[in-house]
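Enquirer: Below you will find the structure I want to go over with you.
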Amino acid sequence: MAKMSKVFAAVVIIGCFFIFPAAAQSAWTRANLQSIYMEHLRLEGYVPLIDIDGDIQFKVSGDNFFIIVDENDLQFFQIYTGFSIGSASAENALTAANYSNRRSKVAKVAVSSDGKVASITAELLLSSPLDFASVFARSLSLMRNAENNFLTHLNGLE
């Protein structure tokens, strides 16, 4: 009987590892995440708004950035921005994006299929949605670094 109760206790403890994280995840809603992100951005001096997709839009030095809100994957945090490449060739843009991606941490550059637009994303895995605040400023800095790597290399190819 003692052996049976030890097995039962072990099963209950192991089961808690699967039940409690699932319960904790379901407590987060899109509205909760939007509120948390927007409050942090306001405290940092930004003027955020919720876009048509439910993501958080804010400006950094005149450029639009977006925090992608995904209540179905609470560990995933993404910041996105995009910009026109101008008259650069699609081939040179792809070469510059590859160059930047090899040299940049966290942030990655992608080029549209027509070669006219580039996007930069910072994608992170966090233990909790609240952890974004501790890496937010660094993520923006790494995105600017990736942009600089991309544009410097692109200008050198032209």
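To be explicit about the labels: the chains of the structure tokens are called A, B, and onward in the order shown, and within each one the residues are counted from 1, while ligands get numbers from 1 in the order they are shown.
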Let's see if you can do this: from backbone DSSP, list all helix (DSSP H, G or I) residues in chain A, as a VMD selection string.

Expert: chain A and resid 2 to 26 30 to 43 90 to 103 129 to 157

Enquirer: Give the answer as one residue: which of A:Ile56, A:Ala122, A:Met143, A:Ala110 has the shortest atom-to-atom distance to A:Ile85, using only C-alpha atoms?

Expert: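 Of A:Ile56, A:Ala122, A:Met143, A:Ala110, the one nearest A:Ile85 is A:Ala110, counting only C-alpha atoms.
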
Enquirer: If we count only C-alpha atoms, what is near A:Ser84 at a cut-off of 7 Å, once residues fewer than 5 positions away on the same chain are taken out, given as a compact mmCIF listing (two decimals) with C-alpha atoms, in the first residue's frame?

Expert:
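around-v4.txt, freshly written:
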# COMPACT_ATOMS: atom_id res chain seq x y z
CA LYS A 116 11.35 46.70 -53.23
CA VAL A 117 10.75 46.35 -49.47
CA ALA A 118 12.86 45.08 -46.59

Enquirer: Could you list, as a list in words, every residue within 8 Å of stretch 59-76 of chain A, counting only C-alpha atoms and ignoring same-chain residues fewer than 5 positions away?

Expert: Gln25, Trp28, Thr29, Arg30, Leu33, Gln34, Tyr37, Tyr46, Val47, Pro48, Gly54, Thr81, Gly82, Glu123, Leu124, Leu125, Leu126, Ser127, Ser128 and Pro129 of chain A
